[in-house]
file run-v4.csv (CSV, C-alpha atoms)
chain,number,residue,atom,x,y,z
A,1,MET,CA,-11.0,-18.6,-4.3
A,2,ILE,CA,-11.0,-14.8,-4.5
A,3,ARG,CA,-13.9,-13.4,-6.5
A,4,HIS,CA,-13.9,-9.7,-5.6
A,5,HIS,CA,-10.9,-7.4,-6.0
A,6,PRO,CA,-10.1,-3.7,-5.5
A,7,ASN,CA,-10.5,-1.5,-8.5
A,8,GLU,CA,-7.5,-0.2,-10.5
A,9,GLU,CA,-7.5,3.2,-8.8
A,10,THR,CA,-7.4,1.6,-5.4
A,11,LEU,CA,-4.6,-0.7,-6.4
A,12,GLY,CA,-2.7,2.2,-7.8
A,13,LEU,CA,-3.1,4.3,-4.7
A,14,HIS,CA,-2.0,1.4,-2.6
A,15,ALA,CA,1.1,0.7,-4.7
A,16,PHE,CA,2.1,4.4,-4.6
A,17,GLY,CA,1.5,4.9,-0.9
A,18,GLY,CA,-1.6,7.1,-1.5
A,19,LEU,CA,-4.2,5.4,0.7
A,20,LYS,CA,-5.1,6.4,4.2
A,21,ALA,CA,-4.0,4.1,7.0
A,22,GLY,CA,-7.2,2.2,7.5
A,23,ALA,CA,-7.9,1.7,3.8
A,24,ARG,CA,-4.3,0.6,3.3
A,25,LEU,CA,-4.7,-2.1,5.9
A,26,VAL,CA,-7.9,-3.4,4.3
A,27,VAL,CA,-6.3,-3.5,0.9
A,28,SER,CA,-3.1,-5.2,2.3
A,29,ALA,CA,-5.3,-7.9,3.8
A,30,HIS,CA,-6.8,-8.6,0.4
A,31,ILE,CA,-3.4,-8.5,-1.4
A,32,ALA,CA,-1.9,-11.0,1.1
A,33,ALA,CA,-4.6,-13.4,0.1
A,34,CYS,CA,-4.8,-12.6,-3.6
A,35,ARG,CA,-2.0,-13.5,-6.0
A,36,GLU,CA,-3.5,-11.6,-8.9
A,37,CYS,CA,-3.6,-8.3,-7.0
A,38,ARG,CA,-0.1,-9.0,-5.6
A,39,ASP,CA,1.2,-9.3,-9.2
A,40,ALA,CA,-0.7,-6.1,-10.2
A,41,VAL,CA,0.8,-4.2,-7.3
A,42,ALA,CA,4.3,-5.5,-8.1
A,43,ALA,CA,3.8,-4.2,-11.7
A,44,LEU,CA,2.8,-0.8,-10.4
A,45,GLU,CA,5.8,-0.8,-8.1
A,46,ALA,CA,8.1,-1.6,-11.1
A,47,VAL,CA,6.6,1.5,-12.8
A,48,ALA,CA,7.1,3.6,-9.6
A,49,GLY,CA,10.7,2.4,-9.4
A,50,VAL,CA,11.5,3.6,-12.9
A,51,VAL,CA,9.7,6.9,-12.3
A,52,LEU,CA,11.9,7.3,-9.2
A,53,GLU,CA,15.0,6.4,-11.2
A,54,THR,CA,14.2,9.1,-13.8
A,55,ALA,CA,13.0,11.8,-11.4
A,56,GLU,CA,14.7,15.1,-11.1
A,57,THR,CA,17.0,15.6,-8.1
A,58,ALA,CA,16.9,18.1,-5.2
A,59,PRO,CA,20.2,19.2,-3.7
A,60,LEU,CA,20.9,17.7,-0.3
A,61,ALA,CA,22.4,19.5,2.7
A,62,PRO,CA,26.2,19.5,2.5
A,63,ASP,CA,26.5,17.1,5.5
A,64,ALA,CA,23.7,14.8,4.4
A,65,LEU,CA,25.9,11.8,3.5
A,66,ALA,CA,28.1,12.2,6.5
A,67,ARG,CA,25.0,12.2,8.8
A,68,ALA,CA,23.7,9.1,7.1
A,69,LEU,CA,27.0,7.2,7.4
A,70,GLU,CA,27.2,8.1,11.1
A,71,GLN,CA,23.8,6.6,11.7
A,72,LEU,CA,24.3,3.3,9.8
A,73,ASP,CA,25.3,1.4,12.9
A,74,ALA,CA,23.0,3.2,15.3
A,75,PRO,CA,20.5,0.9,17.1
A,76,VAL,CA,17.0,0.9,15.6
A,77,ALA,CA,14.1,1.8,17.9
A,78,PRO,CA,11.9,-1.3,18.5
A,79,ALA,CA,8.7,-1.3,16.4
A,80,ARG,CA,5.3,-0.9,18.2
A,81,THR,CA,3.5,-4.1,19.0
A,82,PRO,CA,0.6,-4.4,16.6
A,83,ILE,CA,-3.0,-4.8,17.8
A,84,ASP,CA,-3.9,-8.5,17.5
A,85,VAL,CA,-7.2,-8.7,15.6
A,86,GLN,CA,-7.5,-12.5,16.1
A,87,ALA,CA,-7.6,-12.0,19.9
A,88,LEU,CA,-10.0,-9.2,19.6
A,89,MET,CA,-12.3,-11.2,17.4
A,90,ASP,CA,-12.8,-13.9,20.0
A,91,LYS,CA,-12.9,-11.9,23.2
A,92,GLY,CA,-13.7,-8.5,24.5
A,93,TRP,CA,-16.7,-6.4,23.8
A,94,TRP,CA,-18.7,-5.9,20.6
A,95,LEU,CA,-21.1,-3.0,20.2
A,96,PRO,CA,-24.5,-4.2,19.0
A,97,ALA,CA,-25.7,-2.2,16.0
A,98,ALA,CA,-28.8,-4.1,14.9
A,99,PRO,CA,-30.2,-7.6,15.6
A,100,GLY,CA,-27.4,-10.0,14.7
A,101,LEU,CA,-24.9,-7.2,13.8
A,102,TRP,CA,-22.0,-5.9,15.9
A,103,PHE,CA,-19.2,-3.4,15.5
A,104,LYS,CA,-15.8,-3.1,17.1
A,105,PRO,CA,-14.0,0.2,16.4
A,106,LEU,CA,-10.2,-0.3,16.1
A,107,SER,CA,-9.1,3.2,15.3
A,108,ARG,CA,-10.8,6.5,14.7
A,109,ARG,CA,-9.1,9.5,13.3
A,110,VAL,CA,-10.7,12.8,14.2
A,111,ASP,CA,-8.6,14.8,11.7
A,112,THR,CA,-9.8,12.9,8.6
A,113,GLY,CA,-12.9,11.2,9.8
A,114,GLU,CA,-11.4,7.9,8.8
A,115,LYS,CA,-12.4,4.9,10.9
A,116,LEU,CA,-11.2,1.3,11.0
A,117,TYR,CA,-13.5,-1.3,12.6
A,118,LEU,CA,-14.5,-4.9,12.6
A,119,LEU,CA,-18.0,-5.9,11.6
A,120,LYS,CA,-19.6,-9.1,12.8
A,121,ALA,CA,-22.8,-10.5,11.5
A,122,LYS,CA,-24.8,-13.6,12.4
A,123,ALA,CA,-25.7,-16.1,9.7
A,124,GLY,CA,-29.0,-15.3,8.0
A,125,VAL,CA,-29.0,-11.7,9.1
A,126,PRO,CA,-29.7,-9.0,6.5
A,127,LEU,CA,-27.7,-5.9,7.3
A,128,PRO,CA,-29.7,-2.8,7.6
A,129,GLU,CA,-30.0,-1.0,4.2
A,130,HIS,CA,-27.5,1.7,4.2
A,131,GLY,CA,-25.7,4.2,2.0
A,132,HIS,CA,-22.3,5.7,2.4
A,133,ASN,CA,-20.7,9.1,3.0
A,134,GLY,CA,-17.4,8.9,1.3
A,135,TYR,CA,-15.6,5.7,0.7
A,136,GLU,CA,-15.9,2.4,2.5
A,137,ARG,CA,-13.6,-0.5,1.8
A,138,LEU,CA,-13.8,-3.9,3.5
A,139,VAL,CA,-12.3,-7.4,3.4
A,140,VAL,CA,-13.8,-10.6,4.7
A,141,LEU,CA,-11.8,-12.2,7.4
A,142,LYS,CA,-14.1,-15.1,8.2
A,143,GLY,CA,-17.3,-16.5,6.8
A,144,THR,CA,-19.4,-15.4,3.8
A,145,PHE,CA,-21.8,-12.6,3.0
A,146,GLY,CA,-23.6,-11.7,-0.1
A,147,ASP,CA,-25.1,-8.7,-1.9
A,148,HIS,CA,-26.4,-7.9,-5.4
A,149,ASP,CA,-22.9,-8.6,-6.8
A,150,GLY,CA,-22.7,-12.2,-5.4
A,151,LEU,CA,-21.0,-13.9,-2.5
A,152,TYR,CA,-17.9,-12.6,-0.6
A,153,GLY,CA,-15.7,-15.1,1.2
A,154,PRO,CA,-12.4,-14.8,3.1
A,155,GLY,CA,-10.0,-12.5,1.4
A,156,ASP,CA,-12.8,-11.0,-0.9
A,157,PHE,CA,-12.8,-7.2,-1.1
A,158,ALA,CA,-15.6,-4.8,-1.4
A,159,GLU,CA,-15.6,-1.0,-1.9
A,160,CYS,CA,-18.6,1.3,-1.8
A,161,ASP,CA,-18.8,5.0,-2.6
A,162,GLU,CA,-21.5,7.5,-2.1
A,163,SER,CA,-23.7,6.2,-4.9
A,164,THR,CA,-23.8,2.6,-3.4
A,165,VAL,CA,-26.9,1.7,-1.5
A,166,HIS,CA,-27.1,-2.0,-0.8
A,167,GLU,CA,-28.6,-4.6,1.4
A,168,PRO,CA,-26.0,-7.2,2.2
A,169,PHE,CA,-26.8,-10.4,4.2
A,170,ALA,CA,-24.6,-12.8,6.1
A,171,LYS,CA,-24.7,-16.2,4.6
A,172,THR,CA,-22.7,-17.7,7.4
A,173,ASP,CA,-21.4,-16.1,10.6
A,174,CYS,CA,-19.1,-13.5,9.2
A,175,VAL,CA,-16.4,-11.1,10.3
A,176,CYS,CA,-15.1,-8.3,8.1
A,177,LEU,CA,-12.4,-5.6,8.5
A,178,ALA,CA,-13.7,-2.3,7.2
A,179,ALA,CA,-12.3,1.2,6.8
A,180,THR,CA,-14.5,4.2,6.0
A,181,GLU,CA,-13.7,7.8,5.2
A,182,GLY,CA,-17.0,9.1,6.4
A,183,PRO,CA,-19.9,7.9,8.6
A,184,LEU,CA,-22.3,5.2,7.2
A,185,ARG,CA,-25.9,6.4,6.7
A,186,PHE,CA,-28.2,3.7,8.0
A,187,SER,CA,-31.9,3.9,7.5
A,188,GLY,CA,-34.4,2.4,9.9
A,189,VAL,CA,-33.6,1.4,13.5
A,190,ALA,CA,-29.9,1.3,13.1
A,191,ARG,CA,-30.0,5.1,12.5
A,192,TRP,CA,-31.0,5.6,16.1
A,193,VAL,CA,-28.2,3.7,17.6
A,194,GLN,CA,-25.6,4.9,15.2
A,195,PRO,CA,-24.6,8.1,17.1
A,196,PHE,CA,-23.5,5.9,20.0
A,197,LEU,CA,-21.3,3.6,18.0
A,198,GLY,CA,-18.9,6.1,16.5
A,199,VAL,CA,-19.2,4.6,13.0
B,1,MET,CA,-4.3,-21.9,5.1
B,2,LEU,CA,-3.8,-18.9,7.2
B,3,VAL,CA,-2.6,-15.7,5.6
B,4,ALA,CA,-0.9,-13.5,8.1
B,5,VAL,CA,-1.2,-9.8,7.6
B,6,GLU,CA,0.6,-7.1,9.4
B,7,THR,CA,0.2,-3.4,8.9
B,8,ARG,CA,3.8,-2.5,9.5
B,9,SER,CA,4.2,-1.5,5.9
B,10,GLN,CA,6.9,-3.9,4.8
B,11,SER,CA,6.8,-5.8,1.5
B,12,LEU,CA,5.8,-9.4,1.6
B,13,PRO,CA,8.7,-11.6,2.8
B,14,ARG,CA,11.1,-12.4,0.0
B,15,SER,CA,13.2,-15.5,-0.1
B,16,ARG,CA,16.9,-14.9,-0.4
B,17,LYS,CA,18.4,-16.3,-3.6
B,18,PRO,CA,22.1,-17.2,-3.8
B,19,VAL,CA,24.1,-14.7,-5.8
B,20,THR,CA,25.2,-16.4,-8.9
B,21,PRO,CA,28.5,-15.7,-10.6
B,22,GLU,CA,26.6,-14.0,-13.5
B,23,ARG,CA,25.0,-11.6,-11.1
B,24,GLU,CA,28.3,-10.9,-9.5
B,25,ALA,CA,29.8,-10.1,-12.9
B,26,GLU,CA,27.2,-7.4,-13.5
B,27,ALA,CA,28.9,-4.1,-13.4
B,28,TRP,CA,27.7,-1.0,-11.5
B,29,THR,CA,24.0,-1.6,-10.9
B,30,THR,CA,21.7,-0.6,-8.2
B,31,ALA,CA,21.0,-4.3,-7.5
B,32,SER,CA,24.6,-5.2,-7.1
B,33,HIS,CA,25.1,-2.4,-4.6
B,34,ILE,CA,22.1,-3.5,-2.5
B,35,VAL,CA,23.5,-7.0,-2.5
B,36,ALA,CA,26.9,-5.7,-1.5
B,37,ILE,CA,25.3,-4.0,1.5
B,38,ALA,CA,23.4,-7.2,2.4
B,39,GLU,CA,26.4,-9.4,2.2
B,40,ARG,CA,29.3,-7.4,3.5
B,41,ALA,CA,27.9,-4.1,4.9
B,42,ASP,CA,29.6,-2.3,2.1
B,43,ARG,CA,29.7,1.4,2.9
B,44,SER,CA,31.0,2.5,-0.4
B,45,ALA,CA,28.0,0.8,-2.1
B,46,PHE,CA,25.8,2.7,0.3
B,47,THR,CA,27.5,6.0,-0.5
B,48,LEU,CA,26.8,5.4,-4.2
B,49,LEU,CA,23.2,4.5,-3.7
B,50,PHE,CA,22.8,7.5,-1.4
B,51,ALA,CA,24.2,9.9,-4.0
B,52,ARG,CA,21.8,8.5,-6.6
B,53,TYR,CA,18.5,8.1,-4.7
B,54,ALA,CA,18.4,10.4,-1.8
B,55,PRO,CA,18.2,13.6,-4.0
B,56,ARG,CA,15.5,11.9,-6.1
B,57,ILE,CA,13.4,10.9,-3.1
B,58,LYS,CA,13.8,14.4,-1.7
B,59,ALA,CA,12.7,16.0,-5.0
B,60,ILE,CA,9.6,13.9,-5.3
B,61,LEU,CA,8.6,14.6,-1.7
B,62,MET,CA,9.1,18.4,-2.2
B,63,ARG,CA,7.0,18.3,-5.3
B,64,ARG,CA,4.3,16.9,-3.1
B,65,GLY,CA,4.5,19.9,-0.9
B,66,ALA,CA,6.9,18.8,1.8
B,67,SER,CA,9.3,21.4,3.1
B,68,ALA,CA,13.0,20.9,2.1
B,69,ALA,CA,13.9,20.0,5.6
B,70,ALA,CA,11.1,17.4,6.0
B,71,ALA,CA,11.8,15.9,2.6
B,72,GLU,CA,15.5,15.6,3.5
B,73,GLU,CA,14.7,13.9,6.8
B,74,LEU,CA,12.5,11.4,5.0
B,75,ALA,CA,15.1,10.8,2.3
B,76,GLN,CA,17.6,10.1,5.1
B,77,GLU,CA,15.3,7.7,6.8
B,78,ALA,CA,14.6,5.9,3.5
B,79,MET,CA,18.3,5.5,2.8
B,80,LEU,CA,18.9,4.2,6.3
B,81,ASN,CA,16.2,1.6,5.7
B,82,VAL,CA,17.9,0.6,2.4
B,83,TRP,CA,20.9,-0.2,4.5
B,84,ARG,CA,19.0,-2.0,7.3
B,85,LYS,CA,16.8,-4.0,5.0
B,86,ALA,CA,19.2,-4.8,2.2
B,87,ASP,CA,19.0,-8.5,2.9
B,88,SER,CA,15.3,-8.6,2.2
B,89,PHE,CA,16.0,-7.5,-1.5
B,90,ASP,CA,15.6,-10.4,-3.9
B,91,PRO,CA,16.7,-9.6,-7.4
B,92,ALA,CA,14.5,-12.4,-8.7
B,93,ARG,CA,11.4,-10.8,-7.3
B,94,GLY,CA,11.5,-7.3,-8.7
B,95,SER,CA,13.8,-4.6,-9.8
B,96,ALA,CA,16.2,-2.8,-7.5
B,97,GLU,CA,14.7,0.6,-8.1
B,98,ALA,CA,11.2,-0.7,-7.4
B,99,TRP,CA,12.5,-2.1,-4.1
B,100,ILE,CA,14.0,1.3,-3.2
B,101,PHE,CA,10.7,2.9,-4.1
B,102,THR,CA,8.8,0.6,-1.8
B,103,ILE,CA,11.3,1.4,1.0
B,104,ALA,CA,10.8,5.1,0.5
B,105,ARG,CA,7.1,4.7,0.3
B,106,ASN,CA,6.9,2.8,3.5
B,107,VAL,CA,9.0,5.4,5.3
B,108,ALA,CA,6.6,8.1,4.2
B,109,ILE,CA,3.6,6.0,5.3
B,110,ASP,CA,5.1,5.2,8.7
B,111,ALA,CA,5.9,8.8,9.3
B,112,ARG,CA,2.3,9.7,8.5
B,113,ARG,CA,1.1,7.0,10.9
B,114,ARG,CA,3.4,8.2,13.7
B,115,ASP,CA,2.1,11.7,13.3
B,116,ARG,CA,-1.5,10.7,13.5
B,117,GLY,CA,-1.2,7.9,16.1
B,118,VAL,CA,-2.8,5.2,14.0
B,119,PRO,CA,-1.8,1.9,15.6
B,120,PRO,CA,-0.3,-1.0,13.6
B,121,VAL,CA,-2.7,-4.0,13.4
B,122,ALA,CA,-2.0,-7.7,12.8
B,123,PHE,CA,-4.4,-10.5,11.9
B,124,GLU,CA,-4.9,-13.6,9.8
B,125,ILE,CA,-7.4,-14.5,7.1
B,126,GLU,CA,-8.7,-18.1,6.9
B,127,MET,CA,-8.3,-19.1,3.3
B,128,SER,CA,-8.6,-22.1,1.2
B,129,PRO,CA,-5.2,-22.8,-0.5
B,130,GLU,CA,-4.5,-20.7,-3.5
B,131,PRO,CA,-4.3,-22.5,-6.8
B,132,ALA,CA,-0.7,-22.8,-8.1
B,133,PRO,CA,0.2,-20.1,-10.5
B,134,LEU,CA,0.2,-21.0,-14.2
B,135,GLY,CA,3.7,-21.4,-15.5
B,136,ASP,CA,6.6,-19.3,-14.3
B,137,ALA,CA,5.2,-16.0,-12.9
B,138,VAL,CA,8.6,-14.6,-12.0
B,139,VAL,CA,9.0,-11.4,-13.9
B,140,GLU,CA,12.3,-10.9,-15.5
B,141,ALA,CA,13.0,-7.8,-13.5
B,142,ALA,CA,15.9,-6.3,-15.5
B,143,GLN,CA,14.2,-6.8,-18.8
B,144,VAL,CA,11.0,-5.1,-17.5
B,145,SER,CA,12.9,-2.2,-16.1
B,146,GLU,CA,14.7,-1.6,-19.3
B,147,ARG,CA,11.5,-1.6,-21.3
B,148,LEU,CA,9.8,0.7,-18.7
B,149,ARG,CA,12.7,3.1,-18.8
B,150,ILE,CA,12.3,3.5,-22.5
B,151,ALA,CA,8.5,3.8,-22.3
B,152,ILE,CA,8.6,6.4,-19.6
B,153,ARG,CA,10.9,8.6,-21.7
B,154,THR,CA,8.1,8.6,-24.2
B,155,LEU,CA,5.4,9.6,-21.8
B,156,PRO,CA,4.2,13.1,-22.0
B,157,GLU,CA,5.3,15.2,-19.0
B,158,ASP,CA,1.7,15.9,-17.8
B,159,GLN,CA,1.1,12.2,-17.4
B,160,LEU,CA,4.4,11.7,-15.6
B,161,GLU,CA,3.6,14.6,-13.2
B,162,VAL,CA,0.3,13.0,-12.2
B,163,ILE,CA,2.1,9.7,-11.5
B,164,ARG,CA,4.7,11.5,-9.3
B,165,GLN,CA,1.9,13.4,-7.6
B,166,SER,CA,0.3,10.1,-6.5
B,167,PHE,CA,3.5,8.9,-4.8
B,168,PHE,CA,3.9,8.8,-1.0
B,169,GLU,CA,1.0,10.8,0.3
B,170,ASP,CA,-2.6,10.0,1.2
B,171,ARG,CA,-4.0,12.5,-1.2
B,172,SER,CA,-7.0,11.4,-3.2
B,173,HIS,CA,-7.1,12.1,-6.9
B,174,GLY,CA,-9.4,15.0,-6.1
B,175,GLU,CA,-6.7,16.6,-3.9
B,176,ILE,CA,-4.1,16.0,-6.7
B,177,ALA,CA,-6.4,17.7,-9.1
B,178,GLU,CA,-6.7,20.7,-6.7
B,179,ALA,CA,-2.9,20.9,-6.3
B,180,LEU,CA,-2.3,20.9,-10.0
B,181,HIS,CA,-5.3,23.1,-10.8
B,182,LEU,CA,-6.8,20.5,-13.0
B,183,PRO,CA,-10.3,19.1,-13.3
B,184,LEU,CA,-10.6,15.7,-11.5
B,185,GLY,CA,-11.5,13.9,-14.8
B,186,THR,CA,-8.3,15.1,-16.3
B,187,VAL,CA,-6.2,13.7,-13.5
B,188,LYS,CA,-8.0,10.4,-13.6
B,189,SER,CA,-7.7,10.1,-17.4
B,190,ARG,CA,-4.0,11.1,-17.4
B,191,LEU,CA,-3.2,8.5,-14.7
B,192,ARG,CA,-5.2,5.9,-16.5
B,193,LEU,CA,-3.6,6.5,-19.8
B,194,ALA,CA,-0.1,6.4,-18.3
B,195,MET,CA,-0.7,3.4,-16.2
B,196,ALA,CA,-2.4,1.4,-19.0
B,197,ARG,CA,0.6,2.0,-21.2
B,198,LEU,CA,3.2,1.1,-18.6
B,199,ARG,CA,1.4,-1.8,-17.0
B,200,GLY,CA,0.9,-3.3,-20.4
B,201,LEU,CA,4.6,-3.5,-20.8
B,202,VAL,CA,5.1,-5.1,-17.4
B,203,GLY,CA,2.2,-7.5,-18.1
B,204,ASP,CA,3.6,-8.6,-21.5
B,205,LEU,CA,6.6,-10.2,-19.9
B,206,LYS,CA,4.8,-12.3,-17.4

call {"tool": "encode", "arguments": {"input": "run-v4.csv", "output": "structure tokens"}}
result
Amino acid sequence: MIRHHPNEETLGLHAFGGLKAGARLVVSAHIAACRECRDAVAALEAVAGVVLETAETAPLAPDALARALEQLDAPVAPARTPIDVQALMDKGWWLPAAPGLWFKPLSRRVDTGEKLYLLKAKAGVPLPEHGHNGYERLVVLKGTFGDHDGLYGPGDFAECDESTVHEPFAKTDCVCLAATEGPLRFSGVARWVQPFLGV
Amino acid sequence: MLVAVETRSQSLPRSRKPVTPEREAEAWTTASHIVAIAERADRSAFTLLFARYAPRIKAILMRRGASAAAAEELAQEAMLNVWRKADSFDPARGSAEAWIFTIARNVAIDARRRDRGVPPVAFEIEMSPEPAPLGDAVVEAAQVSERLRIAIRTLPEDQLEVIRQSFFEDRSHGEIAEALHLPLGTVKSRLRLAMARLRGLVGDLK
């Protein structure tokens, strides 16, 4: 049962292709699990389709169609093999961030400061109190955590902006996928290890 | 239940529906051209779709600040994907123009990801089964499109512009505001107004 969804703006940006790569991935994970948001995105795409249909046109190069027709039967380059998060979850290293809390960076973009990472928390562990620089979005992959807004289970989505300061806790062992557009600001002990984690 | 997720930015898998005689009887529509490509690699159908959509995709990308050359390349790539992926279009699941939009959007996203070296990622979420949807949730795509088309003609140009500006690029609303020389609040409220009106129409038909 999904209880926590992305807000309207996030769903709109997702449908129109306006989310950064990491955030897009986190929202995609929620949408794959959530029929309601899938329908909302389909509705937004229907709107986008009609806006496209009624858009102005820009003239193409004279040989544009000829070039396209020539390429119709050309072989397609094979897609890159995706990183398998399942395999990463169960093996390999995790970076300890605080007692009972680990990170695993998946991608870090120097140009935008955007980061994608897995977060793992042990049952009963309160996460260090933290605020956010920029936007953080996360989706629960496994287990349950809670904060002042209630419980978050698999597929549930959370987003935090600069004004959010919260103290989430892991109700069971819990793995989340998170994307953030700026570094987290931990207070307390975690603040000292943070520079080494790249988060 | 496991929900598989992959970042390669395709739409969710769509089941292929048999083409009924009524659908075949439909005259010149975007949907019938896509089906013609899927079923018999129909190059004349592709030519017609290319003439209609490539210049529109290019125009939207240029409005977003892409150079004419870059916008043309992406429009080319999008139309080639229309050809390659035609068999994933299911007329029962959404309108043809929405499908073409998602193809173009995904091409823009993939190009961005290539540029910046962000890897694709695949994983699964352990879920309890979803409750069955209430009633028939399939949207009558053609009917919705027609209503939307009428509604969009009545939208003020400034609201439309903000929607177009939010297509295809990872610009925040703040950056759109900057590009249009508008206060952030204005961008947000125009977008909200437009979307509320249009989504209401789509929602009505569910």

call {"tool": "closest_residue", "arguments": {"input": "run-v4.csv", "among": "A:Val47, A:Ala15, A:Ala32, A:Leu118", "to": "Gly200 in chain B", "atoms": "all atoms listed in the file"}}
result
A:Val47

call {"tool": "closest_residue", "arguments": {"input": "run-v4.csv", "among": "B:Ala98, B:Lys58, B:Leu191, B:Ile34", "to": "Glu73 in chain B", "atoms": "only C-alpha atoms"}}
result
B:Lys58

call {"tool": "atom_distance", "arguments": {"input": "run-v4.csv", "atom1": "CA of Phe168 in chain B", "atom2": "CA of Arg105 in chain B"}}
result
5.4 Å

call {"tool": "closest_atom_pairs", "arguments": {"input": "run-v4.csv", "of": "chain A", "to": "chain B", "cutoff": "8 Å", "atoms": "all atoms listed in the file", "output": "CSV"}}
result
residue,atom,partner,partner_atom,distance
A:Met1,CA,B:Glu130,CA,6.9
A:Leu13,CA,B:Ser166,CA,7.0
A:Phe16,CA,B:Phe167,CA,4.7
A:Gly17,CA,B:Phe168,CA,4.6
A:Gly18,CA,B:Asp170,CA,4.1
A:Leu19,CA,B:Asp170,CA,4.9
A:Lys20,CA,B:Asp170,CA,5.3
A:Ala21,CA,B:Arg113,CA,7.0
A:Leu25,CA,B:Thr7,CA,5.9
A:Ser28,CA,B:Val5,CA,7.3
A:Ala29,CA,B:Val5,CA,5.9
A:Ala32,CA,B:Val3,CA,6.5
A:Ala33,CA,B:Val3,CA,6.3
A:Ala42,CA,B:Gly94,CA,7.4
A:Ala43,CA,B:Val202,CA,5.9
A:Leu44,CA,B:Arg199,CA,6.8
A:Glu45,CA,B:Ala98,CA,5.4
A:Ala46,CA,B:Ala98,CA,4.9
A:Val47,CA,B:Leu198,CA,6.7
A:Ala48,CA,B:Ala98,CA,6.3
A:Gly49,CA,B:Ala98,CA,3.7
A:Val50,CA,B:Arg149,CA,6.0
A:Val51,CA,B:Ile152,CA,7.4
A:Leu52,CA,B:Arg56,CA,6.6
A:Glu53,CA,B:Glu97,CA,6.6
A:Thr54,CA,B:Arg149,CA,8.0
A:Ala55,CA,B:Arg56,CA,5.9
A:Glu56,CA,B:Arg56,CA,6.0
A:Thr57,CA,B:Arg56,CA,4.5
A:Ala58,CA,B:Ala59,CA,4.7
A:Pro59,CA,B:Pro55,CA,6.0
A:Leu60,CA,B:Pro55,CA,6.1
A:Ala61,CA,B:Glu72,CA,8.0
A:Ala64,CA,B:Gln76,CA,7.7
A:Leu65,CA,B:Phe50,CA,7.2
A:Ala68,CA,B:Gln76,CA,6.5
A:Leu69,CA,B:Arg43,CA,7.8
A:Gln71,CA,B:Leu80,CA,7.7
A:Leu72,CA,B:Leu80,CA,6.5
A:Arg80,CA,B:Pro120,CA,7.2
A:Thr81,CA,B:Pro120,CA,7.3
A:Pro82,CA,B:Val121,CA,4.6
A:Ile83,CA,B:Val121,CA,4.5
A:Asp84,CA,B:Ala122,CA,5.1
A:Val85,CA,B:Phe123,CA,5.0
A:Gln86,CA,B:Phe123,CA,5.6
A:Ser107,CA,B:Val118,CA,6.7
A:Arg109,CA,B:Val118,CA,7.7
A:Val140,CA,B:Ile125,CA,7.9
A:Leu141,CA,B:Ile125,CA,5.0
A:Lys142,CA,B:Glu126,CA,6.3
A:Pro154,CA,B:Met127,CA,5.9
A:Gly155,CA,B:Ile125,CA,6.6

call {"tool": "atom_distance", "arguments": {"input": "run-v4.csv", "atom1": "CA of Ala70 in chain B", "atom2": "CA of Ala179 in chain A"}}
result
28.5 Å

call {"tool": "atom_distance", "arguments": {"input": "run-v4.csv", "atom1": "CA of Glu114 in chain A", "atom2": "CA of Ala111 in chain B"}}
result
17.3 Å

call {"tool": "closest_residue", "arguments": {"input": "run-v4.csv", "among": "B:Ala66, B:Ala86, B:Ala31, B:Val162", "to": "Val187 in chain B", "atoms": "all atoms listed in the file"}}
result
B:Val162

call {"tool": "residues_near_point", "arguments": {"input": "run-v4.csv", "point": "(-16.4, -7.7, 19.6)", "cutoff": "10 Å", "atoms": "all atoms listed in the file", "output": "MDAnalysis selection string"}}
result
chainID A and resid 87:96 102:105 117:120 175

call {"tool": "closest_residue", "arguments": {"input": "run-v4.csv", "among": "A:Thr172, A:Pro6, A:Pro75, A:Gly150", "to": "Leu138 in chain A", "atoms": "all atoms listed in the file"}}
result
A:Pro6

call {"tool": "build_atoms", "arguments": {"input": "run-v4.csv", "residues": "range 81-86 of chain A", "atoms": "N, CA, C and O atoms", "output": "short mmCIF file (atom, residue, chain, number, x, y, z; two decimals), keeping the file's coordinate frame"}}
result
data_model
loop_
_atom_site.label_atom_id
_atom_site.label_comp_id
_atom_site.auth_asym_id
_atom_site.auth_seq_id
_atom_site.Cartn_x
_atom_site.Cartn_y
_atom_site.Cartn_z
N THR A 81 4.18 -2.81 19.08
CA THR A 81 3.50 -4.10 19.00
C THR A 81 2.12 -3.87 18.31
O THR A 81 1.36 -3.01 18.75
N PRO A 82 1.85 -4.62 17.25
CA PRO A 82 0.60 -4.40 16.60
C PRO A 82 -0.63 -4.92 17.41
O PRO A 82 -0.47 -5.82 18.23
N ILE A 83 -1.79 -4.33 17.17
CA ILE A 83 -3.00 -4.80 17.80
C ILE A 83 -3.33 -6.21 17.16
O ILE A 83 -3.26 -6.37 15.94
N ASP A 84 -3.63 -7.19 17.99
CA ASP A 84 -3.90 -8.50 17.50
C ASP A 84 -5.39 -8.72 17.24
O ASP A 84 -6.17 -8.89 18.17
N VAL A 85 -5.76 -8.66 15.98
CA VAL A 85 -7.20 -8.70 15.60
C VAL A 85 -7.79 -10.09 15.97
O VAL A 85 -8.94 -10.18 16.39
N GLN A 86 -6.97 -11.16 15.83
CA GLN A 86 -7.50 -12.50 16.10
C GLN A 86 -7.99 -12.55 17.58
O GLN A 86 -9.08 -13.03 17.85
#
